[in-house]
$ cat my_file-v9.txt   # compact mmCIF, C-alpha atoms
# COMPACT_ATOMS: atom_id res chain seq x y z
CA MET A 10 -54.57 0.32 32.65
CA TYR A 11 -52.71 1.45 35.77
CA ARG A 12 -54.17 -1.48 37.66
CA GLY A 13 -52.62 -3.93 35.21
CA PHE A 14 -49.28 -2.11 35.37
CA PHE A 15 -49.14 -2.18 39.19
CA LYS A 16 -50.14 -5.83 39.17
CA PHE A 17 -47.28 -6.57 36.80
CA VAL A 18 -44.81 -4.65 38.98
CA PHE A 19 -46.11 -6.45 42.09
CA TYR A 20 -45.56 -9.91 40.62
CA LEU A 21 -42.21 -8.86 39.17
CA LEU A 22 -41.00 -7.77 42.61
CA ILE A 23 -42.18 -11.08 44.09
CA ILE A 24 -40.23 -13.00 41.43
CA ILE A 25 -37.12 -10.88 41.99
CA GLY A 26 -37.42 -11.38 45.77
CA LEU A 27 -37.79 -15.15 45.43
CA LEU A 28 -34.89 -15.32 43.00
CA GLY A 29 -32.73 -13.28 45.38
CA ALA A 30 -33.64 -15.52 48.32
CA TYR A 31 -32.80 -18.59 46.24
CA ILE A 32 -29.40 -17.22 45.21
CA ARG A 33 -28.62 -16.34 48.83
CA PHE A 34 -29.53 -19.91 49.81
CA VAL A 35 -27.30 -21.59 47.21
CA ALA A 36 -24.50 -19.10 47.94
CA ALA A 37 -23.86 -20.90 51.23
CA PRO A 38 -20.44 -22.62 51.05
CA ASN A 39 -21.66 -25.97 49.72
CA GLU A 40 -19.36 -27.73 47.27
CA SER A 41 -22.23 -29.61 45.61
CA SER A 42 -24.10 -26.42 44.75
CA TRP A 43 -24.11 -25.31 41.10
CA PHE A 44 -23.36 -21.82 42.41
CA ASN A 45 -20.06 -22.92 43.96
CA ILE A 46 -18.67 -25.43 41.45
CA GLN A 47 -15.49 -24.21 39.76
CA GLU A 48 -14.92 -25.42 36.21
CA GLU A 49 -11.52 -25.40 34.55
CA ASN A 50 -10.79 -22.10 32.76
CA LYS A 51 -14.22 -20.75 33.77
CA LEU A 52 -15.30 -18.78 36.79
CA SER A 53 -17.95 -20.31 38.99
CA TRP A 54 -21.12 -18.28 39.55
CA ARG A 55 -19.84 -17.64 43.06
CA MET A 56 -16.64 -16.05 41.75
CA LYS A 57 -18.56 -14.07 39.12
CA PHE A 58 -20.74 -12.54 41.83
CA ALA A 59 -17.75 -12.04 44.15
CA LYS A 60 -16.10 -9.84 41.52
CA THR A 61 -18.54 -7.08 42.47
CA GLU A 62 -18.29 -5.60 45.96
CA LEU A 63 -22.06 -4.97 46.16
CA TYR A 64 -22.94 -8.58 45.34
CA ARG A 65 -20.31 -9.85 47.74
CA GLU A 66 -21.85 -7.88 50.58
CA TRP A 67 -25.44 -8.77 49.62
CA LEU A 68 -24.74 -12.51 49.37
CA ASP A 69 -22.33 -12.50 52.35
CA LEU A 70 -19.58 -14.06 50.24
CA ASN A 71 -16.86 -14.21 52.87
CA GLN A 72 -15.19 -17.58 52.41
CA ALA A 73 -11.79 -18.61 51.05
CA GLY A 74 -11.76 -17.68 47.37
CA ASP A 75 -14.39 -14.96 47.59
CA GLY A 76 -11.72 -12.26 47.67
CA ALA A 77 -9.45 -13.90 45.09
CA ILE A 78 -10.07 -11.18 42.52
CA ASP A 79 -8.76 -8.57 44.96
CA TYR A 80 -5.33 -10.22 44.87
CA LEU A 81 -5.36 -10.91 41.13
CA ARG A 82 -6.91 -7.84 39.53
CA LYS A 83 -4.85 -5.78 37.10
CA ASN A 84 -5.15 -2.40 38.76
CA LEU A 85 -3.45 -3.01 42.12
CA ARG A 86 -1.52 0.22 41.72
CA ASN A 87 -0.96 0.54 45.47
CA GLY A 88 0.14 -3.04 45.95
CA MET A 89 -0.75 -5.18 48.93
CA LEU A 90 -0.79 -4.71 52.68
CA ILE A 91 -0.05 -7.66 54.96
CA GLU A 92 -0.86 -7.13 58.62
CA TYR A 93 0.73 -9.61 61.02
CA ASP A 94 -0.65 -9.66 64.58
CA TYR A 95 0.58 -12.07 67.22
CA VAL A 96 0.70 -12.96 70.87
CA GLU A 97 4.00 -13.01 72.74
CA GLY A 98 6.29 -15.81 71.57
CA CYS A 99 4.68 -16.01 68.13
CA SER A 100 6.70 -13.44 66.19
CA PHE A 101 7.77 -13.91 62.57
CA SER A 102 11.37 -13.12 61.64
CA GLU A 103 12.32 -10.33 59.25
CA SER A 104 14.18 -12.79 57.00
CA ASN A 105 11.12 -15.04 56.65
CA MET A 106 8.91 -12.01 55.98
CA ALA A 107 11.26 -11.06 53.14
CA VAL A 108 11.20 -14.59 51.67
CA THR A 109 7.40 -14.80 51.97
CA ARG A 110 7.02 -11.41 50.29
CA SER A 111 9.34 -12.45 47.45
CA ILE A 112 7.49 -15.74 46.83
CA LEU A 113 4.12 -13.96 46.77
CA GLN A 114 5.43 -11.40 44.29
CA GLU A 115 6.66 -14.23 42.08
CA LEU A 116 3.34 -16.09 42.33
CA LEU A 117 1.28 -13.00 41.47
CA ASN A 118 3.65 -12.39 38.55
CA LYS A 119 3.88 -8.63 38.87
CA PRO A 120 6.16 -6.02 40.45
CA LEU A 121 3.83 -5.77 43.41
CA ASP A 122 4.69 -3.54 46.37
CA ILE A 123 3.95 -5.57 49.49
CA ASP A 124 4.00 -3.67 52.77
CA TRP A 125 4.30 -5.88 55.86
CA VAL A 126 3.04 -4.35 59.11
CA THR A 127 3.77 -6.20 62.35
CA ASP A 128 1.85 -5.34 65.51
CA GLN A 129 1.85 -7.38 68.72
CA LYS A 130 -1.60 -6.26 69.74
CA ILE A 131 -3.47 -9.45 70.63
CA SER A 132 -4.25 -9.41 74.33
CA SER A 133 -3.40 -12.26 76.68
CA SER A 134 -7.12 -12.96 77.02
CA ASN A 135 -6.99 -14.44 73.51
CA ILE A 136 -4.19 -16.89 74.32
CA GLY A 137 -5.31 -20.48 73.87
CA LEU A 138 -8.01 -19.78 71.32
CA SER A 139 -9.15 -22.78 69.31
CA ASP A 140 -9.94 -22.60 65.59
CA GLU A 141 -13.65 -22.44 66.39
CA ARG A 142 -13.11 -19.51 68.73
CA ALA A 143 -10.71 -17.90 66.25
CA LYS A 144 -13.60 -17.48 63.84
CA SER A 145 -15.21 -15.06 66.26
CA ILE A 146 -12.19 -12.75 66.38
CA GLU A 147 -13.03 -9.41 64.86
CA ILE A 148 -10.95 -9.52 61.71
CA GLU A 149 -11.93 -6.76 59.33
CA ASN A 150 -12.87 -7.99 55.89
CA ARG A 151 -10.66 -5.54 54.00
CA THR A 152 -9.37 -7.51 51.00
CA LEU A 153 -9.85 -4.38 48.93
CA THR A 154 -10.96 -0.94 50.01
CA PRO A 155 -13.10 0.50 47.18
CA GLY A 156 -11.02 2.92 45.13
CA SER A 157 -7.79 2.14 46.99
CA HIS A 158 -6.38 -0.31 44.42
CA ARG A 159 -4.71 -2.12 47.31
CA ALA A 160 -5.14 -5.71 48.43
CA TYR A 161 -5.19 -6.66 52.12
CA LEU A 162 -4.17 -9.84 53.94
CA HIS A 163 -4.49 -10.31 57.69
CA ILE A 164 -2.31 -12.93 59.42
CA VAL A 165 -2.88 -13.72 63.10
CA CYS A 166 -0.67 -16.01 65.20
CA LEU A 167 -2.30 -17.41 68.34
CA ASP A 168 -0.85 -19.34 71.24
CA GLY A 169 -3.45 -22.05 70.86
CA HIS A 170 -4.46 -25.37 69.33
CA SER A 171 -6.69 -26.09 66.35
CA SER A 172 -9.28 -28.83 66.65
CA GLY A 173 -7.40 -31.08 64.24
CA VAL A 174 -3.71 -30.39 64.96
CA LYS A 175 -2.89 -28.20 62.00
CA PRO A 176 -0.46 -25.30 61.76
CA ALA A 177 -2.86 -22.84 60.13
CA MET A 178 -6.27 -22.22 58.61
CA THR A 179 -8.05 -19.54 56.61
CA ILE A 180 -10.68 -17.32 58.20
CA GLY A 181 -13.09 -15.56 55.88
CA SER A 182 -11.84 -14.31 52.53
CA ASP A 183 -8.73 -12.42 53.62
CA ALA A 184 -7.29 -13.83 56.85
CA ILE A 185 -4.96 -16.63 57.97
CA VAL A 186 -4.65 -17.89 61.54
CA LEU A 187 -1.50 -19.69 62.73
CA PHE A 188 -1.58 -21.98 65.78
CA SER A 189 1.78 -21.84 67.55
CA LYS A 190 1.14 -24.78 69.90
CA ASP A 191 0.30 -27.04 66.98
CA ILE A 192 3.38 -25.78 65.10
CA LYS A 193 5.56 -26.70 68.10
CA LYS A 194 3.84 -30.07 68.40
CA LEU A 195 4.45 -30.84 64.72
CA VAL A 196 8.08 -29.75 64.32
CA GLY A 197 9.43 -29.46 67.87
CA THR A 198 10.96 -26.55 69.72
CA THR A 199 13.68 -25.63 67.20
CA ARG A 200 13.05 -22.01 66.26
CA GLU A 201 14.28 -22.44 62.68
CA LYS A 202 11.88 -25.33 61.98
CA GLN A 203 8.98 -23.43 63.55
CA GLN A 204 9.69 -20.35 61.43
CA ASN A 205 9.93 -22.45 58.26
CA LEU A 206 6.60 -24.15 58.96
CA MET A 207 4.99 -20.78 59.71
CA LYS A 208 6.27 -19.39 56.39
CA LEU A 209 5.11 -22.38 54.36
CA SER A 210 1.75 -22.47 56.17
CA ILE A 211 1.13 -18.81 55.33
CA LEU A 212 1.91 -19.47 51.67
CA HIS A 213 -0.19 -22.65 51.61
CA GLU A 214 -3.21 -20.95 53.17
CA PHE A 215 -2.84 -17.93 50.89
CA GLY A 216 -3.09 -20.42 48.02
CA ARG A 217 -6.42 -21.49 49.48
CA LEU A 218 -7.58 -17.86 49.61
CA ILE A 219 -7.00 -17.55 45.87
CA THR A 220 -8.46 -21.04 45.14
CA LEU A 221 -5.23 -22.81 44.15
CA PRO A 222 -5.97 -26.55 43.82
CA ASP A 223 -4.10 -29.18 45.83
CA SER A 224 -0.93 -30.56 44.27
CA GLU A 225 0.32 -34.15 44.15
CA ASP A 226 3.93 -32.99 43.99
CA ASP A 227 5.42 -32.90 47.50
CA LYS A 228 7.84 -30.16 46.41
CA CYS A 229 4.92 -27.80 45.77
CA ILE A 230 3.51 -25.56 48.48
CA MET A 231 -0.04 -26.71 47.69
CA HIS A 232 0.83 -30.35 48.49
CA ASP A 233 -1.15 -31.86 51.39
CA SER A 234 2.02 -32.30 53.51
CA PHE A 235 0.61 -29.80 56.01
CA GLU A 236 -2.61 -31.75 56.53
CA SER A 237 -0.79 -35.11 56.67
CA LEU A 238 1.47 -33.79 59.43
CA GLY A 239 -1.61 -33.30 61.57
CA ARG A 240 -2.72 -36.85 60.76
CA GLY A 241 0.47 -38.25 62.25
CA SER A 242 2.66 -38.47 59.17
CA SER A 243 6.39 -38.50 59.90
CA ARG A 244 7.29 -37.53 56.33
CA PRO A 245 9.21 -34.24 56.37
CA ILE A 246 7.92 -31.25 54.43
CA VAL A 247 10.14 -30.63 51.40
CA ALA A 248 7.99 -27.96 49.72
CA SER A 249 9.68 -24.62 49.21
CA ARG A 250 8.01 -22.83 46.29
CA TYR A 251 4.82 -22.63 44.30
CA CYS A 252 5.15 -24.86 41.25
CA SER A 253 4.70 -23.98 37.58
CA SER A 254 1.28 -25.66 37.52
CA GLU A 255 0.15 -23.31 40.30
CA SER A 256 1.51 -20.27 38.46
CA SER A 257 -0.29 -21.42 35.30
CA TYR A 258 -3.53 -21.73 37.23
CA ILE A 259 -3.12 -18.17 38.53
CA LEU A 260 -2.56 -16.89 34.98
CA LYS A 261 -5.74 -18.56 33.73
CA LEU A 262 -7.72 -17.32 36.71
CA ARG A 263 -6.46 -13.76 36.26
CA GLN A 264 -7.40 -13.86 32.57
CA ALA A 265 -10.88 -15.08 33.47
CA PHE A 266 -11.27 -12.34 36.09
CA ASN A 267 -10.14 -9.54 33.80
CA ARG A 268 -12.16 -10.45 30.72
$ encode --input "my_file-v9.txt" --output "structure tokens"
Amino acid sequence: MYRGFFKFVFYLLIIIGLLGAYIRFVAAPNESSWFNIQEENKLSWRMKFAKTELYREWLDLNQAGDGAIDYLRKNLRNGMLIEYDYVEGCSFSESNMAVTRSILQELLNKPLDIDWVTDQKISSSNIGLSDERAKSIEIENRTLTPGSHRAYLHIVCLDGHSSGVKPAMTIGSDAIVLFSKDIKKLVGTTREKQQNLMKLSILHEFGRLITLPDSEDDKCIMHDSFESLGRGSSRPIVASRYCSSESSYILKLRQAFNR
């Protein structure tokens, strides 16, 4: 009797282990995987697993979108913390911080307290980092500290180039890296234009962190104007806000998360 029971448990553990290994395999960021495909009005399996901190750690879900629930959950009683770190010459103005904060509050559709902490703490040894090297920077994955009811976003501005001439990119599930040399290359040395591109790039990449789809409207922040700049386009960026379609997407996503 006991022999049959232990045999059953043994095979059950093997099945569970194989199933776990399979899920870890398909959880790799592969758009063609059934685990990663996002259907309209439905959460993908990836996002369902990423809702739970334990599963996120176990499956190493640390890509753009994996922390989306942390920014969209209902119980963010303590708001959101944005940490902005930069090398010399890559600061972000107080006025643009205020505008960025206001637009994020509007997008997330709630009276969200957003604290913005600025700290010039990146050493000169990191100047000139490429986007590949940027991935190795120790950026804590703190989209949500368990029990804190507070979202976290880390923004880093480096005095370097990306591999494809782009103003910014996401790193992991909660971080955005700006490339000041590419920003200067794309819009010139005028401080006002640089600051505007930095602001819009932060908002565009945050949209990627919460899985906002690309927009065909060039007035929308999720338009591909930022990528086309890097491809040599001379068309000026006219985007200034998130559009209603993007706000509607957020509403549907939040409803799906909080069911």
$ closest_residue --input "my_file-v9.txt" --among "A:Lys202, A:Lys57, A:His170, A:Lys16" --to "A:Phe266" --atoms "all atoms listed in the file"
A:Lys57
$ residues_around --input "my_file-v9.txt" --residues "stretch 214-229 of chain A" --least-positions-apart "5" --cutoff "7 Å" --atoms "only C-alpha atoms" --output "mmCIF file with C-alpha atoms, keeping the file's coordinate frame"
data_model
loop_
_atom_site.group_PDB
_atom_site.id
_atom_site.type_symbol
_atom_site.label_atom_id
_atom_site.label_comp_id
_atom_site.auth_asym_id
_atom_site.auth_seq_id
_atom_site.Cartn_x
_atom_site.Cartn_y
_atom_site.Cartn_z
ATOM 1 C CA ALA A 73 -11.790 -18.610 51.050
ATOM 2 C CA GLY A 74 -11.760 -17.680 47.370
ATOM 3 C CA ALA A 77 -9.450 -13.900 45.090
ATOM 4 C CA MET A 178 -6.270 -22.220 58.610
ATOM 5 C CA THR A 179 -8.050 -19.540 56.610
ATOM 6 C CA SER A 182 -11.840 -14.310 52.530
ATOM 7 C CA ASP A 183 -8.730 -12.420 53.620
ATOM 8 C CA ILE A 185 -4.960 -16.630 57.970
ATOM 9 C CA SER A 234 2.020 -32.300 53.510
ATOM 10 C CA VAL A 247 10.140 -30.630 51.400
ATOM 11 C CA ALA A 248 7.990 -27.960 49.720
ATOM 12 C CA SER A 249 9.680 -24.620 49.210
ATOM 13 C CA ARG A 250 8.010 -22.830 46.290
ATOM 14 C CA TYR A 251 4.820 -22.630 44.300
ATOM 15 C CA CYS A 252 5.150 -24.860 41.250
ATOM 16 C CA GLU A 255 0.150 -23.310 40.300
#
$ atom_distance --input "my_file-v9.txt" --atom1 "atom CA of A:Ser257" --atom2 "atom CA of A:Lys208"
22.2 Å
$ atom_distance --input "my_file-v9.txt" --atom1 "atom CA of A:Ile192" --atom2 "atom CA of A:Ala107"
20.5 Å
$ residues_around --input "my_file-v9.txt" --residues "A:Ala36" --least-positions-apart "6" --cutoff "7 Å" --atoms "all atoms listed in the file" --output "CSV table (one decimal) with C-alpha atoms, in the coordinates of the input"
chain,number,residue,atom,x,y,z
A,44,PHE,CA,-23.4,-21.8,42.4
A,55,ARG,CA,-19.8,-17.6,43.1
A,68,LEU,CA,-24.7,-12.5,49.4
$ closest_residue --input "my_file-v9.txt" --among "A:Arg263, A:Lys175, A:Arg65, A:Arg82" --to "A:Leu206" --atoms "only C-alpha atoms"
A:Lys175
$ atom_distance --input "my_file-v9.txt" --atom1 "atom CA of A:Gln204" --atom2 "atom CA of A:Phe101"
6.8 Å
$ closest_residue --input "my_file-v9.txt" --among "A:Asn267, A:Gln203, A:Gln47, A:Ser189" --to "A:Cys99" --atoms "all atoms listed in the file"
A:Ser189
$ residues_near_point --input "my_file-v9.txt" --point "(6.1, -29.9, 67.9)" --cutoff "12 Å" --atoms "only C-alpha atoms" --output "ChimeraX atom specification"
/A:170,174-176,188-200,202-203,206,238-239,241,243
$ write_last_selection --input "my_file-v9.txt" --atoms "C-alpha atoms" --output "CSV table (one decimal), in the frame of the given file"
chain,number,residue,atom,x,y,z
A,170,HIS,CA,-4.5,-25.4,69.3
A,174,VAL,CA,-3.7,-30.4,65.0
A,175,LYS,CA,-2.9,-28.2,62.0
A,176,PRO,CA,-0.5,-25.3,61.8
A,188,PHE,CA,-1.6,-22.0,65.8
A,189,SER,CA,1.8,-21.8,67.6
A,190,LYS,CA,1.1,-24.8,69.9
A,191,ASP,CA,0.3,-27.0,67.0
A,192,ILE,CA,3.4,-25.8,65.1
A,193,LYS,CA,5.6,-26.7,68.1
A,194,LYS,CA,3.8,-30.1,68.4
A,195,LEU,CA,4.4,-30.8,64.7
A,196,VAL,CA,8.1,-29.8,64.3
A,197,GLY,CA,9.4,-29.5,67.9
A,198,THR,CA,11.0,-26.6,69.7
A,199,THR,CA,13.7,-25.6,67.2
A,200,ARG,CA,13.0,-22.0,66.3
A,202,LYS,CA,11.9,-25.3,62.0
A,203,GLN,CA,9.0,-23.4,63.6
A,206,LEU,CA,6.6,-24.2,59.0
A,238,LEU,CA,1.5,-33.8,59.4
A,239,GLY,CA,-1.6,-33.3,61.6
A,241,GLY,CA,0.5,-38.2,62.2
A,243,SER,CA,6.4,-38.5,59.9
$ closest_residue --input "my_file-v9.txt" --among "A:Ile32, A:Leu162, A:Ile180, A:Lys51" --to "A:Gln264" --atoms "only C-alpha atoms"
A:Lys51
$ closest_residue --input "my_file-v9.txt" --among "A:Ile259, A:Cys166, A:Ala265, A:Leu209" --to "A:Arg110" --atoms "all atoms listed in the file"
A:Leu209
$ residues_around --input "my_file-v9.txt" --residues "A:Met106" --least-positions-apart "6" --cutoff "12 Å" --atoms "all atoms listed in the file" --output "ChimeraX atom specification"
/A:91-93,100,112-113,123-127,164,204-205,207-209,211-212
